[in-house]
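J.: I'm passing along coords.cif; it holds mmCIF, C-alpha atoms.
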data_query
loop_
_atom_site.label_atom_id
_atom_site.label_comp_id
_atom_site.auth_asym_id
_atom_site.auth_seq_id
_atom_site.Cartn_x
_atom_site.Cartn_y
_atom_site.Cartn_z
CA MET U 1 0.00 0.00 0.00
CA LYS U 2 2.94 2.38 0.47
CA LYS U 3 3.54 2.04 -3.27
CA ILE U 4 -0.07 2.94 -4.06
CA SER U 5 0.04 5.87 -1.66
CA LEU U 6 3.18 7.13 -3.39
CA LEU U 7 1.53 6.82 -6.76
CA PHE U 8 -1.38 8.94 -5.59
CA PHE U 9 1.01 11.46 -4.06
CA VAL U 10 3.07 11.88 -7.23
CA THR U 11 0.03 11.82 -9.52
CA ALA U 12 -1.48 14.63 -7.50
CA LEU U 13 1.80 16.55 -7.73
CA ILE U 14 1.83 16.28 -11.50
CA LEU U 15 -1.83 17.13 -11.95
CA SER U 16 -1.89 20.05 -9.54
CA SER U 17 -0.42 23.49 -10.08
CA CYS U 18 -0.78 25.69 -7.06
CA ASN U 19 0.26 28.89 -8.83
CA LYS U 20 -2.40 28.68 -11.56
CA THR U 21 -5.83 30.26 -11.56
CA GLU U 22 -8.85 28.13 -10.60
CA GLU U 23 -9.91 28.07 -14.25
CA GLU U 24 -6.53 26.72 -15.30
CA LYS U 25 -6.51 24.15 -12.51
CA ASN U 26 -9.77 22.70 -13.79
CA ASP U 27 -8.63 22.53 -17.42
CA PHE U 28 -5.62 20.25 -17.81
CA ASN U 29 -5.71 20.71 -21.59
CA THR U 30 -4.35 24.27 -21.28
CA LYS U 31 -0.87 23.00 -20.44
CA ILE U 32 1.60 23.41 -23.31
CA LEU U 33 4.80 21.35 -23.14
CA GLU U 34 7.55 23.87 -23.66
CA THR U 35 10.50 22.89 -21.48
CA GLU U 36 12.36 19.67 -20.83
CA MET U 37 10.82 19.47 -17.37
CA ASP U 38 7.35 19.92 -18.89
CA SER U 39 7.96 16.83 -21.03
CA VAL U 40 9.51 14.88 -18.16
CA SER U 41 6.56 15.75 -15.92
CA TYR U 42 4.01 14.83 -18.57
CA SER U 43 5.79 11.54 -19.30
CA LEU U 44 5.87 10.71 -15.60
CA GLY U 45 2.17 11.53 -15.44
CA ILE U 46 1.40 9.08 -18.25
CA ASN U 47 3.39 6.35 -16.55
CA ILE U 48 1.86 6.80 -13.11
CA ALA U 49 -1.71 7.53 -14.17
CA SER U 50 -1.74 4.48 -16.46
CA GLY U 51 -0.66 2.28 -13.56
CA VAL U 52 -3.17 3.74 -11.12
CA LYS U 53 -6.01 3.50 -13.63
CA GLY U 54 -5.00 -0.06 -14.43
CA GLU U 55 -5.38 -0.93 -10.76
CA GLY U 56 -9.02 0.15 -10.91
CA PHE U 57 -8.77 3.65 -9.41
CA ASP U 58 -11.05 5.20 -12.01
CA PRO U 59 -12.55 7.75 -12.01
CA LEU U 60 -10.65 10.04 -9.64
CA ASP U 61 -11.41 13.56 -8.43
CA PHE U 62 -8.32 15.45 -9.52
CA ASN U 63 -9.49 18.64 -7.78
CA ALA U 64 -9.52 16.81 -4.44
CA MET U 65 -6.04 15.48 -5.18
CA SER U 66 -4.83 18.99 -6.03
CA LYS U 67 -6.30 20.33 -2.77
CA ALA U 68 -4.44 17.67 -0.80
CA MET U 69 -1.18 18.55 -2.54
CA ASN U 70 -1.69 22.25 -1.90
CA ASP U 71 -2.48 21.60 1.78
CA VAL U 72 0.68 19.54 2.21
CA TYR U 73 2.97 22.06 0.49
CA GLU U 74 1.39 25.07 2.18
CA GLY U 75 1.45 23.41 5.59
CA ASN U 76 -2.33 23.62 5.99
CA ASP U 77 -4.32 21.38 8.31
CA LEU U 78 -5.19 18.21 6.44
CA ASP U 79 -8.79 17.10 6.06
CA ILE U 80 -7.55 13.51 6.40
CA SER U 81 -4.41 12.51 8.27
CA GLY U 82 -1.66 10.53 6.57
CA GLU U 83 -2.49 7.47 8.66
CA GLU U 84 -6.18 7.74 7.85
CA ALA U 85 -5.38 8.21 4.16
CA LEU U 86 -3.38 4.99 4.13
CA GLN U 87 -6.26 3.12 5.78
CA ILE U 88 -8.74 4.55 3.25
CA LEU U 89 -6.54 3.47 0.34
CA GLN U 90 -6.06 0.01 1.79
CA LYS U 91 -9.80 -0.43 2.28
CA TYR U 92 -10.60 0.84 -1.21
CA SER U 93 -7.94 -1.38 -2.77
CA GLN U 94 -9.49 -4.39 -1.05
CA LYS U 95 -12.90 -3.34 -2.33
CA ILE U 96 -11.60 -3.11 -5.90
CA ALA U 97 -9.92 -6.51 -5.63
CA ALA U 98 -13.10 -8.11 -4.27
CA GLU U 99 -15.20 -6.59 -7.05
CA LYS U 100 -12.75 -7.77 -9.71
CA GLN U 101 -12.71 -11.30 -8.29
CA SER U 102 -16.51 -11.41 -8.08
CA LYS U 103 -16.90 -10.27 -11.69
CA SER U 104 -14.25 -12.74 -12.81
CA LYS U 105 -16.01 -15.64 -11.05
CA GLU U 106 -19.36 -14.69 -12.57
CA SER U 107 -17.79 -14.47 -16.00
CA ASP U 108 -16.05 -17.84 -15.60
CA ILE U 109 -19.24 -19.55 -14.40
CA LEU U 110 -21.05 -18.31 -17.50
CA PHE U 111 -18.14 -19.29 -19.75
CA LEU U 112 -18.02 -22.82 -18.33
CA ALA U 113 -21.78 -23.26 -18.70
CA GLU U 114 -21.73 -22.10 -22.31
CA ASN U 115 -18.71 -24.22 -23.14
CA ALA U 116 -20.25 -27.32 -21.56
CA ALA U 117 -23.24 -26.97 -23.89
CA LYS U 118 -21.09 -27.07 -27.03
CA GLU U 119 -21.17 -30.15 -29.20
CA GLY U 120 -18.26 -32.49 -28.53
CA VAL U 121 -17.41 -31.08 -25.09
CA ILE U 122 -17.40 -33.61 -22.26
CA THR U 123 -17.55 -32.61 -18.59
CA THR U 124 -16.10 -34.95 -16.00
CA GLU U 125 -17.32 -35.39 -12.43
CA SER U 126 -14.68 -32.97 -11.17
CA GLY U 127 -15.85 -30.23 -13.52
CA LEU U 128 -13.00 -30.60 -16.00
CA GLN U 129 -14.17 -30.06 -19.58
CA TYR U 130 -12.44 -31.57 -22.58
CA GLU U 131 -12.85 -31.87 -26.32
CA ILE U 132 -11.02 -34.24 -28.65
CA LEU U 133 -9.46 -32.14 -31.40
CA SER U 134 -7.73 -35.06 -33.12
CA ALA U 135 -7.28 -38.73 -32.24
CA GLY U 136 -3.95 -40.51 -32.07
CA ASP U 137 -3.12 -44.14 -32.70
CA GLY U 138 -1.78 -44.93 -29.24
CA THR U 139 -3.37 -47.68 -27.16
CA VAL U 140 -2.17 -46.88 -23.65
CA ASN U 141 -3.29 -44.12 -21.29
CA PRO U 142 -0.73 -42.61 -18.93
CA GLU U 143 -1.17 -43.21 -15.21
CA VAL U 144 -0.92 -40.64 -12.46
CA THR U 145 2.65 -41.82 -11.76
CA SER U 146 3.69 -41.60 -15.42
CA ALA U 147 5.93 -39.00 -16.97
CA VAL U 148 4.69 -37.55 -20.22
CA LYS U 149 5.97 -35.52 -23.15
CA VAL U 150 3.59 -32.93 -24.56
CA HIS U 151 3.17 -29.89 -26.71
CA TYR U 152 0.70 -27.37 -25.33
CA THR U 153 -0.73 -23.88 -25.58
CA GLY U 154 -2.26 -22.25 -22.50
CA MET U 155 -4.86 -19.49 -22.84
CA LEU U 156 -7.13 -17.34 -20.75
CA THR U 157 -10.84 -17.42 -21.54
CA ASP U 158 -10.46 -14.30 -23.71
CA GLY U 159 -7.97 -16.16 -25.91
CA THR U 160 -4.84 -14.51 -24.53
CA ILE U 161 -1.94 -16.97 -24.71
CA PHE U 162 0.10 -16.98 -21.51
CA ASP U 163 2.37 -19.94 -22.25
CA SER U 164 3.07 -22.17 -25.25
CA SER U 165 5.62 -24.88 -25.89
CA VAL U 166 4.41 -24.80 -29.50
CA GLU U 167 5.53 -21.19 -29.90
CA ARG U 168 8.87 -22.02 -28.28
CA GLY U 169 9.25 -25.05 -30.54
CA GLU U 170 10.21 -27.21 -27.55
CA PRO U 171 7.93 -29.94 -26.14
CA VAL U 172 8.10 -30.46 -22.39
CA GLU U 173 8.36 -33.52 -20.17
CA PHE U 174 7.07 -33.77 -16.61
CA PRO U 175 5.68 -36.23 -14.04
CA LEU U 176 1.90 -36.21 -14.30
CA ASN U 177 1.49 -35.98 -10.53
CA ARG U 178 3.50 -32.74 -10.37
CA VAL U 179 1.18 -30.47 -12.33
CA ILE U 180 -2.18 -28.77 -11.74
CA PRO U 181 -5.09 -31.15 -11.02
CA GLY U 182 -6.80 -30.42 -14.32
CA TRP U 183 -3.72 -31.61 -16.20
CA THR U 184 -3.21 -34.65 -13.99
CA GLU U 185 -6.79 -35.78 -14.62
CA GLY U 186 -7.07 -34.72 -18.23
CA VAL U 187 -3.87 -36.13 -19.69
CA GLN U 188 -4.72 -39.55 -18.25
CA LEU U 189 -7.65 -39.61 -20.68
CA MET U 190 -5.30 -39.36 -23.66
CA VAL U 191 -3.22 -41.75 -25.74
CA VAL U 192 -0.11 -40.88 -27.71
CA GLY U 193 -1.03 -38.79 -30.72
CA ASP U 194 -4.20 -37.37 -29.17
CA LYS U 195 -4.75 -33.64 -29.18
CA PHE U 196 -7.29 -32.43 -26.61
CA LYS U 197 -8.67 -29.07 -25.64
CA PHE U 198 -9.08 -28.77 -21.88
CA THR U 199 -11.17 -26.12 -20.19
CA ILE U 200 -10.04 -26.15 -16.58
CA PRO U 201 -12.02 -24.43 -13.78
CA GLY U 202 -9.99 -22.37 -11.34
CA ASN U 203 -10.18 -24.93 -8.54
CA LEU U 204 -8.47 -27.46 -10.82
CA ALA U 205 -5.92 -24.91 -12.04
CA TYR U 206 -4.04 -22.38 -9.90
CA GLY U 207 -6.80 -21.81 -7.35
CA GLU U 208 -7.44 -18.66 -5.35
CA ASN U 209 -3.82 -17.51 -5.57
CA GLY U 210 -3.69 -17.62 -9.36
CA MET U 211 -0.33 -17.02 -10.99
CA PRO U 212 0.10 -13.24 -11.26
CA GLN U 213 3.50 -13.47 -12.95
CA ALA U 214 1.80 -15.23 -15.88
CA GLY U 215 -1.23 -12.93 -15.90
CA ILE U 216 -3.48 -15.59 -14.33
CA GLY U 217 -5.88 -14.13 -11.81
CA PRO U 218 -7.40 -15.73 -8.70
CA SER U 219 -9.60 -18.77 -9.45
CA ALA U 220 -9.20 -18.17 -13.19
CA THR U 221 -10.56 -20.69 -15.67
CA LEU U 222 -7.87 -21.74 -18.14
CA ILE U 223 -7.86 -23.33 -21.58
CA PHE U 224 -5.14 -25.68 -22.77
CA GLU U 225 -4.66 -27.34 -26.11
CA VAL U 226 -2.50 -30.38 -25.41
CA GLU U 227 -0.91 -32.93 -27.73
CA LEU U 228 0.44 -36.08 -26.07
CA LEU U 229 3.76 -37.04 -27.67
CA GLY U 230 5.06 -39.73 -25.32
CA ILE U 231 4.53 -41.71 -22.11
CA TYR U 232 7.42 -42.85 -19.86
#
What does the file become when written as C-alpha cells?
T.:
Amino acid sequence: MKKISLLFFVTALILSSCNKTEEEKNDFNTKILETEMDSVSYSLGINIASGVKGEGFDPLDFNAMSKAMNDVYEGNDLDISGEEALQILQKYSQKIAAEKQSKSKESDILFLAENAAKEGVITTESGLQYEILSAGDGTVNPEVTSAVKVHYTGMLTDGTIFDSSVERGEPVEFPLNRVIPGWTEGVQLMVVGDKFKFTIPGNLAYGENGMPQAGIGPSATLIFEVELLGIY
C-alpha cells in the first residue's frame, strides 16, 4: 500500500499546479509542453496515471487530489491525516480486488456453462471439460505416476496466450502428478497422438492464488490445447 500511496502522491503533484488560476486548474488541456521538465513531468504523469487507472482507481477527483497537494505544500491542516489516508486506500484497494474477483467468477461460471453446452465437449465429475481435437493411434493411457511428453498452448478465456511450448518449438516432459489437477486428470484420458482441448475451472488450475506473474488471476478458468507425444 505504500507504493499505491506514493503513486497517488506523485500523480497529485503532477496534476496540480498551485500557482495557476482556478480556471486553469480545472482545465488540464491548457498546459503546453515547452521545457524539458514539462515533457519529463508529462511523461511521468502518463506512466503513473496508467498504472493507477490499471489498478481500478477510475474515475478520480483530480481537484480533491490537487487540494491535498496544496495543503501539504502550504502546511495547511489536512482534512484527512496521513495514517487515515493509508487506511482509506487500503480499504478501497481491497474493495476493488473483491469486485474484480466477483466479476471474474461470474464471467467464468457463465463461460463454463456455455462451453459445456457445445457439441463435442465432455464434462467430468470434477468439472474438467475436454474436447477431442484429433485422435492418435496410441493404445495406452498414462497413469498418475507416469511422466509424459507434450506440446501445449495455455490461454485465458479471452484467448490470450500466456504460455506455449508450441511457440517455443520445444515440447516439455514432466511427471503427471507434479502439475495442476486439471492436467493430472485430463492427460490420463489421452493416448499418444491425441490432441485435446481442456477447459479447466480455477479450482483445478491455480486456485485462489492464481499465478500473477503469468497474468493468471485468482480462481481463473484456463484453456489448454495439449498434444500427447510420449509416455514414460
J.: Report as a list in words all protein, DNA and RNA residues lying within 10 Å of Ala214 of chain U, evaluated on only C-alpha atoms, omitting residues in the same chain fewer than 2 positions from it.
T.: Ile161, Phe162, Asp163, Gly210, Met211, Pro212, Ile216 and Gly217 of chain U
J.: Kindly compute an axis-aligned box around the listed atoms of segment 139-151 of chain U, allowing 4 Å on each side, and express its centre and edge lengths in Å to one decimal as JSON.
T.:
{"center_x": 1.3, "center_y": -38.8, "center_z": -19.5, "size_x": 17.3, "size_y": 25.8, "size_z": 23.4}
J.: What does the distance between atom CA of Leu112 of chain U and atom CA of Glu125 of chain U come to in Å, to one decimal place?
T.: 13.9 Å
J.: Selected by the PyMOL selection byres ((chain U and resi 227) around 6) in the shown coordinates: which residues, as an NGL selection string?
T.: :U and (150-151 or 194-195 or 226 or 228)
J.: Under the PyMOL selection byres ((chain U and resi 149) around 9), which residues of this model are included? Write them out as a VMD selection string.
T.: chain U and resid 147 to 148 150 to 151 171 to 174 227 to 232
J.: Can you turn the PyMOL selection byres ((chain U and resi 200) around 9) into a concrete residue list for this file, as an mmCIF file with C-alpha atoms, keeping the file's coordinate frame?
T.:
data_model
loop_
_atom_site.group_PDB
_atom_site.id
_atom_site.type_symbol
_atom_site.label_atom_id
_atom_site.label_comp_id
_atom_site.auth_asym_id
_atom_site.auth_seq_id
_atom_site.Cartn_x
_atom_site.Cartn_y
_atom_site.Cartn_z
ATOM 1 C CA LEU U 112 -18.020 -22.820 -18.330
ATOM 2 C CA GLY U 127 -15.850 -30.230 -13.520
ATOM 3 C CA LEU U 128 -13.000 -30.600 -16.000
ATOM 4 C CA GLN U 129 -14.170 -30.060 -19.580
ATOM 5 C CA TYR U 130 -12.440 -31.570 -22.580
ATOM 6 C CA PRO U 181 -5.090 -31.150 -11.020
ATOM 7 C CA GLY U 182 -6.800 -30.420 -14.320
ATOM 8 C CA TRP U 183 -3.720 -31.610 -16.200
ATOM 9 C CA PHE U 198 -9.080 -28.770 -21.880
ATOM 10 C CA THR U 199 -11.170 -26.120 -20.190
ATOM 11 C CA PRO U 201 -12.020 -24.430 -13.780
ATOM 12 C CA GLY U 202 -9.990 -22.370 -11.340
ATOM 13 C CA ASN U 203 -10.180 -24.930 -8.540
ATOM 14 C CA LEU U 204 -8.470 -27.460 -10.820
ATOM 15 C CA ALA U 205 -5.920 -24.910 -12.040
ATOM 16 C CA ALA U 220 -9.200 -18.170 -13.190
ATOM 17 C CA THR U 221 -10.560 -20.690 -15.670
ATOM 18 C CA LEU U 222 -7.870 -21.740 -18.140
ATOM 19 C CA ILE U 223 -7.860 -23.330 -21.580
ATOM 20 C CA PHE U 224 -5.140 -25.680 -22.770
#
J.: Tell me, in Å to one decimal, how far atom CA of Asp58 of chain U is from atom CA of Ile96 of chain U.
T.: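 Computed distance, atom CA of Asp58 of chain U to atom CA of Ile96 of chain U, equals 10.3 Å.
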J.: So the first atom is atom CA of Lys197 of chain U and the second is atom CA of Glu131 of chain U; what is the distance between them in Å, to one decimal place?
T.: 5.1 Å
J.: Using only C-alpha atoms, find the one residue out of U:Ile46, U:Ala113, U:Tyr152, U:Ala135 that sits nearest to Arg168 of chain U.
T.: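 Answer, going by the shortest atom-to-atom distance: U:Tyr152.
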J.: Restricting the calculation to all atoms listed in the file, which member of U:Thr139, U:Ser146, U:Gln101, U:Ser93 is positioned closest to Glu55 of chain U?
T.: U:Ser93
